[in-house]
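What's in final.csv: CSV, C-alpha atoms
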```
chain,number,residue,atom,x,y,z
S,1,MET,CA,51.3,127.5,-174.2
S,2,PRO,CA,51.8,125.2,-177.2
S,3,GLU,CA,53.1,121.7,-176.7
S,4,PRO,CA,56.8,121.2,-177.3
S,5,LEU,CA,57.7,119.7,-180.7
S,6,LYS,CA,58.8,116.5,-179.1
S,7,ALA,CA,55.2,115.8,-178.1
S,8,MET,CA,54.4,114.7,-181.6
S,9,TYR,CA,56.3,111.4,-180.7
S,10,ASN,CA,53.7,109.9,-178.4
S,11,LEU,CA,52.2,106.5,-177.8
S,12,PRO,CA,49.4,106.9,-180.5
S,13,PHE,CA,52.1,107.9,-183.0
S,14,LEU,CA,54.3,104.9,-182.1
S,15,ARG,CA,51.4,102.5,-182.4
S,16,GLN,CA,50.2,103.9,-185.6
S,17,PHE,CA,53.7,103.7,-187.1
S,18,ALA,CA,54.2,100.2,-185.8
S,19,ALA,CA,51.0,99.2,-187.6
S,20,THR,CA,52.3,100.8,-190.8
S,21,VAL,CA,55.5,98.8,-190.6
S,22,ALA,CA,53.6,95.6,-190.0
S,23,SER,CA,51.5,96.2,-193.1
S,24,ALA,CA,54.7,95.8,-195.1
S,25,TRP,CA,56.4,93.2,-193.0
S,26,PRO,CA,53.8,91.1,-191.0
S,27,ALA,CA,56.5,89.6,-188.8
S,28,PHE,CA,57.2,93.0,-187.2
S,29,PRO,CA,56.9,92.8,-183.4
S,30,GLU,CA,54.7,95.9,-182.9
S,31,GLU,CA,54.4,95.7,-179.1
S,32,ASP,CA,58.1,95.1,-178.7
S,33,PHE,CA,58.8,98.2,-180.8
S,34,VAL,CA,56.5,100.4,-178.9
S,35,ARG,CA,57.8,99.1,-175.6
S,36,LEU,CA,61.4,99.7,-176.6
S,37,ALA,CA,60.8,103.2,-178.0
S,38,SER,CA,58.7,104.4,-175.0
S,39,GLY,CA,60.8,102.7,-172.4
S,40,GLU,CA,62.9,104.1,-169.6
S,41,GLY,CA,63.7,107.8,-169.8
S,42,TRP,CA,61.3,108.4,-172.7
S,43,GLU,CA,59.5,111.3,-171.0
S,44,THR,CA,62.8,113.2,-170.4
S,45,LEU,CA,64.1,112.8,-173.9
S,46,GLU,CA,64.0,115.9,-176.1
S,47,LEU,CA,63.1,115.9,-179.8
S,48,LYS,CA,66.3,114.5,-181.3
S,49,GLY,CA,66.6,112.0,-178.4
S,50,ARG,CA,63.2,110.6,-179.1
S,51,MET,CA,63.9,110.5,-182.8
S,52,ARG,CA,67.1,108.5,-182.1
S,53,ARG,CA,65.2,106.2,-179.7
S,54,ILE,CA,62.8,105.4,-182.5
S,55,THR,CA,65.7,104.7,-184.8
S,56,THR,CA,67.4,102.3,-182.4
S,57,SER,CA,64.2,100.6,-181.6
S,58,LEU,CA,63.7,99.9,-185.3
S,59,GLY,CA,67.2,98.6,-185.3
S,60,GLU,CA,66.2,96.1,-182.6
S,61,THR,CA,62.9,95.0,-184.3
S,62,LEU,CA,63.4,95.1,-188.0
S,63,PRO,CA,65.4,92.4,-189.8
S,64,ARG,CA,69.0,92.2,-188.6
S,65,SER,CA,70.2,92.5,-192.2
S,66,TYR,CA,70.6,96.1,-193.1
S,67,PRO,CA,69.4,95.6,-196.7
S,68,GLU,CA,66.3,93.7,-195.6
S,69,ALA,CA,65.5,96.3,-192.9
S,70,LEU,CA,66.0,99.1,-195.4
S,71,ASP,CA,63.6,97.4,-197.9
S,72,VAL,CA,60.9,97.5,-195.2
S,73,LEU,CA,61.3,101.2,-194.7
S,74,LEU,CA,61.5,101.9,-198.4
S,75,ALA,CA,58.2,100.0,-198.9
S,76,ILE,CA,56.3,102.4,-196.6
S,77,CYS,CA,58.2,105.6,-197.0
S,78,GLU,CA,55.6,107.1,-199.4
S,79,ARG,CA,53.1,106.8,-196.6
S,80,CYS,CA,55.3,108.4,-194.0
S,81,ARG,CA,55.7,112.0,-195.1
S,82,GLY,CA,56.7,115.1,-193.1
S,83,PHE,CA,59.0,116.2,-190.3
S,84,PRO,CA,58.1,113.4,-187.8
S,85,TYR,CA,59.6,110.9,-190.1
S,86,LEU,CA,63.2,112.2,-190.0
S,87,PHE,CA,64.0,108.9,-188.3
S,88,PHE,CA,64.0,107.3,-191.8
S,89,PRO,CA,67.2,109.0,-192.9
S,90,ASP,CA,68.4,108.8,-189.3
S,91,PHE,CA,68.2,105.0,-189.6
S,92,VAL,CA,70.5,105.2,-192.6
S,93,GLU,CA,72.9,107.4,-190.7
S,94,VAL,CA,73.1,104.9,-187.7
S,95,TYR,CA,73.2,101.6,-189.6
S,96,GLY,CA,74.1,102.3,-193.2
S,97,LEU,CA,77.6,103.8,-193.2
S,98,PRO,CA,79.3,100.5,-194.3
S,99,ASP,CA,76.9,100.2,-197.2
S,100,TRP,CA,77.5,103.4,-199.0
S,101,GLU,CA,75.8,102.7,-202.3
S,102,ARG,CA,72.6,101.4,-200.9
S,103,SER,CA,72.5,104.1,-198.3
S,104,MET,CA,72.9,106.9,-200.9
S,105,ASP,CA,70.0,105.5,-202.9
S,106,ALA,CA,67.9,105.3,-199.7
S,107,LEU,CA,68.7,108.9,-198.7
S,108,GLU,CA,67.7,110.1,-202.2
S,109,ARG,CA,64.3,108.5,-201.6
S,110,PHE,CA,63.8,109.5,-198.0
S,111,THR,CA,64.7,113.1,-198.4
S,112,ALA,CA,61.6,113.7,-200.5
S,113,GLN,CA,59.4,112.6,-197.6
S,114,SER,CA,61.2,114.3,-194.8
S,115,SER,CA,64.8,115.5,-195.2
S,116,ALA,CA,68.2,113.8,-195.2
S,117,GLU,CA,70.4,116.9,-194.6
S,118,PHE,CA,71.5,115.6,-191.2
S,119,ALA,CA,72.0,112.0,-192.2
S,120,ILE,CA,74.2,112.7,-195.1
S,121,ARG,CA,76.9,114.4,-193.1
S,122,PRO,CA,78.6,111.4,-191.5
S,123,PHE,CA,78.9,110.0,-195.1
S,124,ILE,CA,80.6,113.3,-196.2
S,125,LEU,CA,83.1,113.0,-193.3
S,126,ARG,CA,83.8,109.4,-194.0
S,127,GLU,CA,84.1,109.5,-197.8
S,128,PRO,CA,84.1,113.2,-198.8
S,129,GLU,CA,85.0,112.9,-202.5
S,130,ARG,CA,82.7,110.0,-203.2
S,131,THR,CA,79.8,111.5,-201.4
S,132,MET,CA,80.2,115.0,-202.8
S,133,ALA,CA,80.3,113.5,-206.3
S,134,ARG,CA,76.9,111.9,-205.6
S,135,MET,CA,75.6,115.2,-204.3
S,136,ALA,CA,76.7,116.9,-207.5
S,137,GLU,CA,74.5,114.5,-209.3
S,138,TRP,CA,71.6,115.3,-207.0
S,139,ALA,CA,72.1,119.0,-207.8
S,140,ARG,CA,70.7,118.1,-211.3
S,141,HIS,CA,67.9,115.9,-210.0
S,142,GLU,CA,64.3,116.6,-211.2
S,143,ASN,CA,63.0,116.6,-207.6
S,144,GLU,CA,63.5,119.8,-205.7
S,145,HIS,CA,63.8,118.0,-202.4
S,146,VAL,CA,66.8,116.1,-203.8
S,147,ARG,CA,68.4,119.2,-205.3
S,148,ARG,CA,68.0,120.9,-201.9
S,149,LEU,CA,69.7,118.1,-200.2
S,150,ALA,CA,72.7,118.6,-202.5
S,151,SER,CA,73.1,122.1,-201.0
S,152,GLU,CA,71.7,121.8,-197.5
S,153,GLY,CA,73.6,118.6,-196.7
S,154,CYS,CA,77.0,120.2,-197.2
S,155,ARG,CA,76.4,123.5,-195.4
S,156,PRO,CA,79.5,123.9,-193.2
S,157,ARG,CA,77.5,125.3,-190.2
S,158,LEU,CA,74.1,123.6,-190.6
S,159,PRO,CA,72.1,124.3,-187.3
S,160,TRP,CA,71.4,121.3,-185.1
S,161,ALA,CA,73.8,119.2,-187.2
S,162,GLN,CA,77.3,117.7,-187.1
S,163,ALA,CA,79.8,120.3,-188.3
S,164,LEU,CA,81.8,119.8,-191.4
S,165,PRO,CA,85.3,121.3,-190.4
S,166,LEU,CA,86.8,120.2,-193.7
S,167,PHE,CA,84.5,122.7,-195.5
S,168,LYS,CA,85.0,125.4,-192.9
S,169,ARG,CA,88.7,125.2,-193.8
S,170,ASP,CA,88.2,124.8,-197.6
S,171,PRO,CA,84.7,125.3,-199.1
S,172,SER,CA,85.9,124.7,-202.7
S,173,PRO,CA,84.2,121.2,-203.0
S,174,ILE,CA,80.8,122.9,-202.3
S,175,LEU,CA,81.1,125.6,-205.0
S,176,PRO,CA,80.3,123.4,-208.1
S,177,ILE,CA,77.0,122.4,-206.4
S,178,LEU,CA,76.1,126.0,-205.6
S,179,GLU,CA,77.0,127.0,-209.2
S,180,GLN,CA,74.7,124.4,-210.5
S,181,LEU,CA,71.8,125.7,-208.3
S,182,ARG,CA,72.4,129.4,-208.5
S,183,ALA,CA,69.2,130.1,-210.6
S,184,ASP,CA,67.2,127.1,-209.4
S,185,PRO,CA,63.4,127.6,-210.1
S,186,SER,CA,62.5,126.3,-206.6
S,187,LEU,CA,62.5,128.9,-203.8
S,188,TYR,CA,63.0,125.9,-201.4
S,189,VAL,CA,66.3,125.2,-203.1
S,190,ARG,CA,67.4,128.9,-203.5
S,191,LYS,CA,67.0,129.4,-199.8
S,192,SER,CA,69.3,126.6,-199.1
S,193,VAL,CA,71.9,127.9,-201.6
S,194,ALA,CA,71.8,131.3,-199.9
S,195,ASN,CA,72.1,129.8,-196.4
S,196,ASN,CA,75.1,127.8,-197.6
S,197,LEU,CA,76.8,130.9,-198.9
S,198,ASN,CA,76.0,132.6,-195.6
S,199,ASP,CA,77.7,129.7,-193.7
S,200,ILE,CA,80.7,129.9,-196.0
S,201,ALA,CA,81.0,133.7,-195.4
S,202,LYS,CA,81.5,133.2,-191.7
S,203,ASP,CA,84.8,131.4,-192.3
S,204,ASN,CA,85.8,132.4,-195.8
S,205,PRO,CA,84.3,135.8,-196.5
S,206,ALA,CA,86.6,136.4,-199.5
S,207,VAL,CA,85.2,133.4,-201.3
S,208,VAL,CA,81.6,134.6,-200.9
S,209,LYS,CA,82.5,138.2,-201.9
S,210,ALA,CA,84.1,136.8,-205.1
S,211,ILE,CA,81.0,134.7,-205.8
S,212,ALA,CA,78.7,137.7,-205.2
S,213,ALA,CA,80.6,139.9,-207.6
S,214,LYS,CA,80.6,137.2,-210.2
S,215,TRP,CA,76.9,136.2,-209.9
S,216,THR,CA,75.3,139.6,-209.4
S,217,GLY,CA,73.2,140.7,-212.4
S,218,GLN,CA,73.0,137.2,-214.0
S,219,HIS,CA,69.4,136.4,-213.1
S,220,ALA,CA,66.7,137.7,-210.7
S,221,TYR,CA,66.8,134.4,-208.8
S,222,THR,CA,70.6,134.6,-208.5
S,223,ASP,CA,70.4,138.2,-207.3
S,224,TRP,CA,68.0,137.1,-204.6
S,225,ILE,CA,70.4,134.3,-203.5
S,226,VAL,CA,73.4,136.6,-203.5
S,227,ARG,CA,71.6,139.2,-201.3
S,228,ARG,CA,70.4,136.6,-198.8
S,229,GLY,CA,73.7,134.8,-198.8
S,230,CYS,CA,75.6,138.0,-198.0
S,231,ARG,CA,73.4,139.0,-195.1
S,232,SER,CA,76.1,138.3,-192.5
S,233,LEU,CA,78.6,140.4,-194.4
S,234,VAL,CA,76.0,143.2,-194.8
S,235,GLY,CA,75.3,143.0,-191.1
S,236,ALA,CA,79.0,143.2,-190.4
S,237,ALA,CA,79.2,146.3,-192.6
S,238,ASP,CA,81.7,144.8,-195.0
S,239,PRO,CA,82.6,147.7,-197.3
S,240,GLU,CA,82.9,145.7,-200.5
S,241,VAL,CA,79.5,144.0,-200.0
S,242,LEU,CA,77.8,147.3,-198.9
S,243,ALA,CA,79.1,148.9,-202.1
S,244,LEU,CA,77.9,145.9,-204.2
S,245,PHE,CA,74.3,146.4,-202.9
S,246,GLY,CA,74.3,150.2,-203.3
S,247,TYR,CA,74.7,151.2,-199.6
S,248,GLU,CA,76.8,154.2,-198.6
S,249,GLY,CA,78.6,152.0,-196.0
S,250,THR,CA,79.2,153.0,-192.4
S,251,ALA,CA,79.7,156.6,-193.6
S,252,ALA,CA,75.9,156.8,-193.8
S,253,ALA,CA,75.9,157.0,-189.9
S,254,ASP,CA,77.6,160.4,-190.3
S,255,ALA,CA,74.5,161.6,-192.1
S,256,VAL,CA,72.3,160.9,-189.1
S,257,ALA,CA,71.3,164.1,-187.3
S,258,ALA,CA,69.5,162.4,-184.5
S,259,ALA,CA,68.6,158.9,-183.5
S,260,GLU,CA,66.8,157.3,-180.5
S,261,LEU,CA,66.1,153.8,-179.3
S,262,GLU,CA,63.7,153.3,-176.4
S,263,ALA,CA,62.5,150.3,-174.4
S,264,LEU,CA,59.1,151.0,-173.0
S,265,ARG,CA,60.0,149.0,-169.9
S,266,ALA,CA,63.6,149.0,-168.5
S,267,GLU,CA,63.2,145.4,-167.3
S,268,ALA,CA,61.7,142.1,-168.6
S,269,VAL,CA,61.4,138.5,-167.7
S,270,ILE,CA,62.4,135.4,-169.6
S,271,GLY,CA,59.3,134.3,-171.4
S,272,GLY,CA,58.0,137.8,-171.8
S,273,ILE,CA,58.4,140.6,-174.3
S,274,SER,CA,59.9,144.0,-174.6
S,275,GLU,CA,58.2,146.8,-176.6
S,276,LEU,CA,60.7,149.0,-178.4
S,277,ARG,CA,60.4,152.3,-180.2
S,278,TYR,CA,63.0,153.8,-182.6
S,279,LYS,CA,63.4,156.8,-184.8
S,280,LEU,CA,66.1,158.7,-186.7
S,281,ARG,CA,66.4,161.7,-188.9
S,282,LEU,CA,69.1,162.5,-191.5
S,283,LYS,CA,70.9,165.8,-191.7
S,284,ASP,CA,69.5,168.3,-194.2
S,285,GLU,CA,72.6,168.1,-196.4
S,286,GLY,CA,73.0,167.0,-200.0
S,287,THR,CA,70.4,166.2,-202.6
S,288,GLU,CA,70.6,162.5,-203.1
S,289,PRO,CA,68.7,159.9,-201.0
S,290,LEU,CA,70.8,157.5,-199.0
S,291,ARG,CA,70.2,153.8,-198.9
S,292,ILE,CA,69.8,152.9,-195.3
S,293,ARG,CA,69.8,149.4,-193.8
S,294,LEU,CA,68.3,149.8,-190.3
S,295,GLU,CA,68.9,147.0,-187.8
S,296,LEU,CA,68.3,146.3,-184.1
S,297,GLY,CA,71.3,144.6,-182.5
S,298,VAL,CA,70.6,142.6,-179.3
S,299,GLY,CA,73.5,141.7,-177.1
S,300,TYR,CA,72.2,138.4,-175.7
S,301,VAL,CA,73.7,137.3,-172.5
S,302,LYS,CA,75.1,133.8,-172.7
S,303,SER,CA,75.4,131.1,-169.9
S,304,GLY,CA,78.9,132.1,-169.0
S,305,GLY,CA,78.1,135.8,-168.7
S,306,LYS,CA,79.5,136.8,-172.1
S,307,THR,CA,77.3,138.4,-174.7
S,308,SER,CA,76.7,137.6,-178.4
S,309,GLU,CA,74.9,140.1,-180.7
S,310,LYS,CA,72.1,139.0,-183.0
S,311,ARG,CA,70.8,141.6,-185.5
S,312,PHE,CA,67.2,142.0,-186.6
S,313,LEU,CA,66.4,143.9,-189.8
S,314,LEU,CA,64.0,146.8,-189.2
S,315,GLY,CA,64.0,148.4,-192.6
S,316,ASP,CA,65.9,148.8,-195.9
S,317,LYS,CA,65.0,151.9,-197.8
S,318,ARG,CA,66.2,155.1,-199.4
S,319,ILE,CA,65.8,158.2,-197.3
S,320,SER,CA,66.1,161.8,-198.5
S,321,PRO,CA,68.2,164.4,-196.7
S,322,GLY,CA,66.3,165.9,-193.8
S,323,ALA,CA,63.8,163.0,-193.8
S,324,GLY,CA,63.2,160.6,-190.9
S,325,VAL,CA,62.0,157.1,-190.2
S,326,GLN,CA,60.4,155.7,-187.0
S,327,GLY,CA,58.8,152.4,-185.9
S,328,ALA,CA,58.3,149.8,-183.3
S,329,LYS,CA,59.7,146.4,-182.6
S,330,THR,CA,58.5,143.6,-180.2
S,331,LEU,CA,61.4,141.7,-178.7
S,332,ASP,CA,60.4,138.2,-177.6
S,333,TRP,CA,62.3,136.7,-174.7
S,334,LYS,CA,60.8,133.2,-175.0
S,335,ASP,CA,63.4,130.4,-175.2
S,336,LEU,CA,63.7,128.8,-178.6
S,337,SER,CA,65.3,125.6,-179.8
S,338,THR,CA,68.1,127.7,-181.3
S,339,ARG,CA,68.4,130.3,-178.5
S,340,LYS,CA,68.2,130.1,-174.7
S,341,HIS,CA,67.8,133.3,-172.7
S,342,TYR,CA,69.8,134.1,-169.5
S,343,ALA,CA,69.2,136.8,-166.9
S,344,GLY,CA,71.4,139.9,-167.1
S,345,LEU,CA,71.7,143.3,-168.7
S,346,HIS,CA,71.1,143.1,-172.5
S,347,ALA,CA,72.5,145.9,-174.6
S,348,LEU,CA,70.4,147.0,-177.5
S,349,ARG,CA,71.7,149.0,-180.5
S,350,LEU,CA,70.1,150.8,-183.4
S,351,LEU,CA,72.4,150.4,-186.4
S,352,VAL,CA,72.6,152.2,-189.7
S,353,ASN,CA,74.5,150.2,-192.3
S,354,GLY,CA,76.2,148.4,-189.5
S,355,ALA,CA,77.2,151.4,-187.5
S,356,PRO,CA,75.6,152.2,-184.1
S,357,VAL,CA,73.6,155.4,-183.9
S,358,ALA,CA,71.6,154.9,-180.7
S,359,GLY,CA,71.4,152.4,-177.8
S,360,THR,CA,69.6,151.4,-174.7
S,361,THR,CA,69.5,148.4,-172.3
S,362,VAL,CA,66.9,145.9,-170.9
S,363,LEU,CA,67.6,144.1,-167.7
S,364,LEU,CA,66.3,140.5,-168.1
S,365,HIS,CA,65.2,138.5,-165.1
S,366,ALA,CA,64.6,134.8,-164.6
S,367,ALA,CA,60.9,133.8,-164.9
S,368,GLU,CA,60.5,133.6,-161.1
S,369,ALA,CA,61.2,137.3,-160.9
S,370,ARG,CA,58.2,138.1,-163.1
S,371,GLU,CA,56.1,140.0,-160.5
S,372,THR,CA,59.0,142.2,-159.3
S,373,ALA,CA,60.1,143.0,-162.9
S,374,CYS,CA,56.6,143.9,-164.0
S,375,ASP,CA,55.9,146.0,-161.0
S,376,ASP,CA,59.2,147.9,-160.9
S,377,ALA,CA,59.9,148.4,-164.6
S,378,ALA,CA,57.2,150.7,-165.6
S,379,ALA,CA,59.7,153.5,-166.4
S,380,PRO,CA,61.1,153.4,-169.9
S,381,ALA,CA,64.8,152.9,-170.6
S,382,ALA,CA,65.9,156.1,-172.2
S,383,GLY,CA,67.6,155.7,-175.6
S,384,ARG,CA,71.1,157.1,-175.9
S,385,ALA,CA,71.5,159.1,-179.1
S,386,PHE,CA,74.9,158.7,-180.9
S,387,GLY,CA,73.9,160.9,-183.9
S,388,GLY,CA,72.6,164.0,-182.2
S,389,SER,CA,70.5,165.2,-179.3
S,390,ASP,CA,67.3,166.4,-180.9
S,391,SER,CA,64.5,164.2,-182.0
S,392,PRO,CA,63.3,163.6,-185.5
```
Rendering of file as structure tokens:
Amino acid sequence: MPEPLKAMYNLPFLRQFAATVASAWPAFPEEDFVRLASGEGWETLELKGRMRRITTSLGETLPRSYPEALDVLLAICERCRGFPYLFFPDFVEVYGLPDWERSMDALERFTAQSSAEFAIRPFILREPERTMARMAEWARHENEHVRRLASEGCRPRLPWAQALPLFKRDPSPILPILEQLRADPSLYVRKSVANNLNDIAKDNPAVVKAIAAKWTGQHAYTDWIVRRGCRSLVGAADPEVLALFGYEGTAAADAVAAAELEALRAEAVIGGISELRYKLRLKDEGTEPLRIRLELGVGYVKSGGKTSEKRFLLGDKRISPGAGVQGAKTLDWKDLSTRKHYAGLHALRLLVNGAPVAGTTVLLHAAEARETACDDAAAPAAGRAFGGSDSP
């Protein structure tokens, strides 16, 4: 089993970083910093907790003056690149809110070495107009990391980050930034623009549908952004968006003659996998191929017993009347930083353009039930066909 991500913050890392700081500021108390950072409770802290512990330990050991402390970090930031150094922008978030101008300049520098998408958000909440004006400038920056920050930092629903309820209510301040970046040459930036649109679509679908209709056909890069940014609307089978992308909408499910979804084992354990098989066949009617978006919907059981469905794309293709498609999918039940699994009956659905055509279930057990589940679950869970009884 691979080490958890938090393990990158260990004593060798802390000592090496302390030496780097001391190379720029010889008065830095290296041992005090290491002792503070790795002190009581360190082993139980998760990734963000360890990151914040390093931040506050720097606050205790760098110069008490924020500008002077920031100068030390700026002097070494070029040597501190990559994900582990997210505590550089975190330092600005914790200590720099009263010094807006200096903090903005620092985040512009630090984001190129790690990412400042989390650290910028308290500044947006505190001074939204002023901060968004700076981010609009960043959207025209020559560095792709800075341009990405302009979009990623104002996503209304950025995972792991403080929410921006003001933009959930009204995303209009975000739109000029996305407009500026709609055909950005950097895929890194375009992914962020698409994710921002997808965030907006969850609270303000009409805004994203209007943007999609306006942007479609302007540029290949923009078309890619629109398609990825509308993925939640496509998954929800929004008729306007399905029509925009050339799908037949949920009516395509009526063209399915037969469909089947099967779990090779009826039960699984948290940390294990489920092997799935699926197939469908269209009715032998008409002459034109149908554009089919085939998805697997997994009704994940939550901690309170309720379920929340996540959809996985299985295929997106045109299928002629009478033709079929089949395939396999491995469903991984390992816990992720973004999803924790809970024991219970998980409903699985095969969806065509957002409409269910077949389904089955997998009973998920806690890890300690591994042996029982593996021994008793040899029989497959039969797929229930919504579109017909015969097989493709």
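Near (67.4, 142.1, -187.3), the residues that fall inside 8 Å on the basis of all atoms listed in the file are Glu295, Leu296, Gly297, Lys310, Arg311, Phe312, Leu313 and Leu314 of chain S.
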Please list as a VMD selection string every residue within 9 Å of Thr61 in chain S, counting all atoms listed in the file and excluding residues in the same chain fewer than 2 positions away.
chain S and resid 28 to 30 32 to 33 56 to 59 63 to 64
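The residue set within 9 Å of Leu331 in chain S, counting only C-alpha atoms and dropping same-chain residues fewer than 4 places from it, reads S:Gly272, S:Ile273, S:Ser274, S:Glu275, S:Leu276.
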Once you have the residues from the selection above, write them out as a PDB file, in the coordinates of the input, restricted to C-alpha atoms.
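Produced file out36.pdb, reproduced below:
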```
ATOM      1  CA  GLY S 272      58.000 137.800-171.800  1.00  0.00           C
ATOM      2  CA  ILE S 273      58.400 140.600-174.300  1.00  0.00           C
ATOM      3  CA  SER S 274      59.900 144.000-174.600  1.00  0.00           C
ATOM      4  CA  GLU S 275      58.200 146.800-176.600  1.00  0.00           C
ATOM      5  CA  LEU S 276      60.700 149.000-178.400  1.00  0.00           C
TER       6      LEU S 276
END
```
Please check which residues have atoms at most 6 Å from (60.5, 137.6, -166.7) in the file's coordinates, counting all atoms listed in the file, and write them as an MDAnalysis selection string.
chainID S and resid 268:272 365:367 369:370
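Atom pair CA of Glu368 in chain S / CA of Leu264 in chain S has a distance of 21.1 Å (rounded to one decimal).
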For Phe88 in chain S, find every residue with an atom within 8 Å (counting only C-alpha atoms), except residues of its own chain fewer than 5 positions away, and show them as a PDB file with C-alpha atoms, in the coordinates of the input.
```
ATOM      1  CA  THR S  55      65.700 104.700-184.800  1.00  0.00           C
ATOM      2  CA  LEU S  73      61.300 101.200-194.700  1.00  0.00           C
ATOM      3  CA  CYS S  77      58.200 105.600-197.000  1.00  0.00           C
ATOM      4  CA  PHE S 110      63.800 109.500-198.000  1.00  0.00           C
TER       5      PHE S 110
END
```
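Among S:Glu267, S:Glu127, S:Glu117, S:Asp316, the residue with the shortest atom-to-atom distance to Gly344 in chain S, counting only C-alpha atoms, is S:Glu267.
Reported to one decimal place, the separation of CA of Tyr342 in chain S from CA of Val301 in chain S is 5.9 Å.
Counting only C-alpha atoms and comparing S:Lys48, S:Lys209, S:Arg265, S:Arg147, the residue that lies closest to Ala161 in chain S is S:Lys48.
Distances from S:Gly299, S:Gly96, S:Pro156, S:Gly82 to Thr361 in chain S were compared using only C-alpha atoms, and the smallest one belongs to S:Gly299.
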Please indicate the distance in Å from CA of Ile200 in chain S to CA of Leu166 in chain S, rounded to one decimal place.
11.7 Å
Spatial neighbours of Asn10 in chain S, 12 Å, all atoms listed in the file, chain gap at least 4 places, as a PyMOL selection string:
chain S and resi 3-6+14-17+34-35+37-39+42-43+45+47+50-51+54+84
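Shortest atom-to-atom contact with His145 in chain S among S:Phe123, S:Tyr221, S:Phe167, S:Tyr188: S:Tyr188, counting all atoms listed in the file.
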Can you pull out every residue within 12 Å of range 244-255 of chain S, counting only C-alpha atoms, but drop anything in the same chain fewer than 5 positions away, and send it as a ChimeraX atom specification?
/S:209-217,223-224,226-228,230-231,233-239,280-286,288-294,316-324,350-358,385-388
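Distance check against Glu152 in chain S using only C-alpha atoms: of S:Lys191, S:Arg134, S:His341, S:His219, the minimum falls on S:Lys191.
Nearest-residue note for Asp199 in chain S: choosing from S:Thr360, S:Ala347, S:Ile174, S:Pro89, the minimum distance belongs to S:Ile174, counting only C-alpha atoms.
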How would range 64-75 of chain S read, as a compact mmCIF listing (two decimals), in the frame of the given file, once N, CA and C atoms are built in?
```
# COMPACT_ATOMS: atom_id res chain seq x y z
N ARG S 64 67.58 91.85 -189.03
CA ARG S 64 69.00 92.20 -188.60
C ARG S 64 69.81 92.58 -189.82
N SER S 65 69.47 92.09 -191.00
CA SER S 65 70.20 92.50 -192.20
C SER S 65 69.83 93.89 -192.60
N TYR S 66 70.83 94.76 -192.73
CA TYR S 66 70.60 96.10 -193.10
C TYR S 66 69.80 96.26 -194.43
N PRO S 67 70.21 95.53 -195.48
CA PRO S 67 69.40 95.60 -196.70
C PRO S 67 67.98 95.22 -196.56
N GLU S 68 67.73 94.18 -195.78
CA GLU S 68 66.30 93.70 -195.60
C GLU S 68 65.56 94.77 -194.76
N ALA S 69 66.17 95.30 -193.72
CA ALA S 69 65.50 96.30 -192.90
C ALA S 69 65.20 97.56 -193.76
N LEU S 70 66.14 97.93 -194.59
CA LEU S 70 66.00 99.10 -195.40
C LEU S 70 64.82 98.88 -196.43
N ASP S 71 64.70 97.67 -196.93
CA ASP S 71 63.60 97.40 -197.90
C ASP S 71 62.25 97.57 -197.22
N VAL S 72 62.14 97.26 -195.93
CA VAL S 72 60.90 97.50 -195.20
C VAL S 72 60.54 98.95 -195.17
N LEU S 73 61.53 99.76 -194.81
CA LEU S 73 61.30 101.20 -194.70
C LEU S 73 61.02 101.82 -196.09
N LEU S 74 61.71 101.34 -197.10
CA LEU S 74 61.50 101.90 -198.40
C LEU S 74 60.05 101.51 -198.92
N ALA S 75 59.53 100.38 -198.46
CA ALA S 75 58.20 100.00 -198.90
C ALA S 75 57.10 100.85 -198.31
```
